[in-house]
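Right, one structure below, let's go through it.
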Amino acid sequence: KPTIVSTITDLVAAPSSGSQLSVFKDENDTFHFHHTAESRAVPKNARENTNAAEDPSQWQPKHIILCPTSLPDRDQTPLFDLSSYFETLSSARKALGCRDAPDTWGIGEALLYGEVVTSTQTMLDKNPRFLSRLPSPFVSLASYQLAGRGRGSNIWLSPSGCLQF
């Protein structure tokens, strides 16, 4: 849905326009936003970065690629097939009779995907300004979590290829 990305970027960038959003600094992380056309090298550079601190919570900055009109090429997200994800989600929503309004979205349609993150939950919890500007429903997914959190002080480990709750 073309309005999802612009709605979210407008909320995050407020009071400025979402089209001007390039950097958002919060308590724990700095988020850099890249439009699809300028983002080709971002995943490649992140994969090749060998200067990362040993403590994943110190990895800076976080890069977010905005895809308002089309999904990134498969080579940009080799560990997660976004096309298949959205096709499957659409089929499931149709089978369940979920309404499809152009200016609203259902769970799973607004997605923040990271190939490797410390923790999807920590990334949001430790950045309260960023989290408070994100609309509901909103889903954060990662192929790998290096410091996943469970309930209380438990760690969260998921084998590769598994979606676990």
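Chain identifiers are assigned as A, B, and so on, following the order in which chains appear in the structure tokens; residues are numbered from 1 within each chain, and ligands are numbered from 1 in order of appearance.
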**Request:** Would you list the contacts of Ser83 (chain A) as a PyMOL selection string, taking every protein, DNA or RNA residue within 12 Å and counting only C-alpha atoms, but skipping same-chain residues closer than 3 positions in sequence?
**Result:** chain A and resi 70-74+77-78+80+86-90+109
**Request:** Might you pull out every residue within 9 Å of Pro137 (chain A), with only C-alpha atoms counted and same-chain residues fewer than 5 positions away left off, and present them as a list in words?
**Result:** Trp105, Gly106, Ile107, Gly108, Glu109 and Ala110 of chain A
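Proximity to Phe31 (chain A) was assessed for A:Leu141, A:Leu124, A:Leu146, A:Val116 counting only C-alpha atoms; the smallest distance is recorded for A:Leu124.
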**Complete:** Students should find that CA of Pro102 (chain A) and CA of Gly114 (chain A) are spaced 25.7 Å
**Among the residues A:Phe130, A:Tyr144, A:Tyr85, A:Tyr113, the one that comes closest to Val23 (chain A) [using only C-alpha atoms]** =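 Result for the nearest residue to Val23 (chain A): A:Phe130.
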**Asked** Out of A:Ala147, A:Leu79, A:Ala142, A:Ile65, which residue has the shortest atom-to-atom distance to Ala37 (chain A) when counting only C-alpha atoms?
**Response**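 Using only C-alpha atoms, the shortest distance to Ala37 (chain A) belongs to A:Ile65.
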**Asked** How many Å lie between CA of Met123 (chain A) and CA of Thr9 (chain A), rounded to one decimal?
**Response**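 Interatomic distance here is 17.4 Å.
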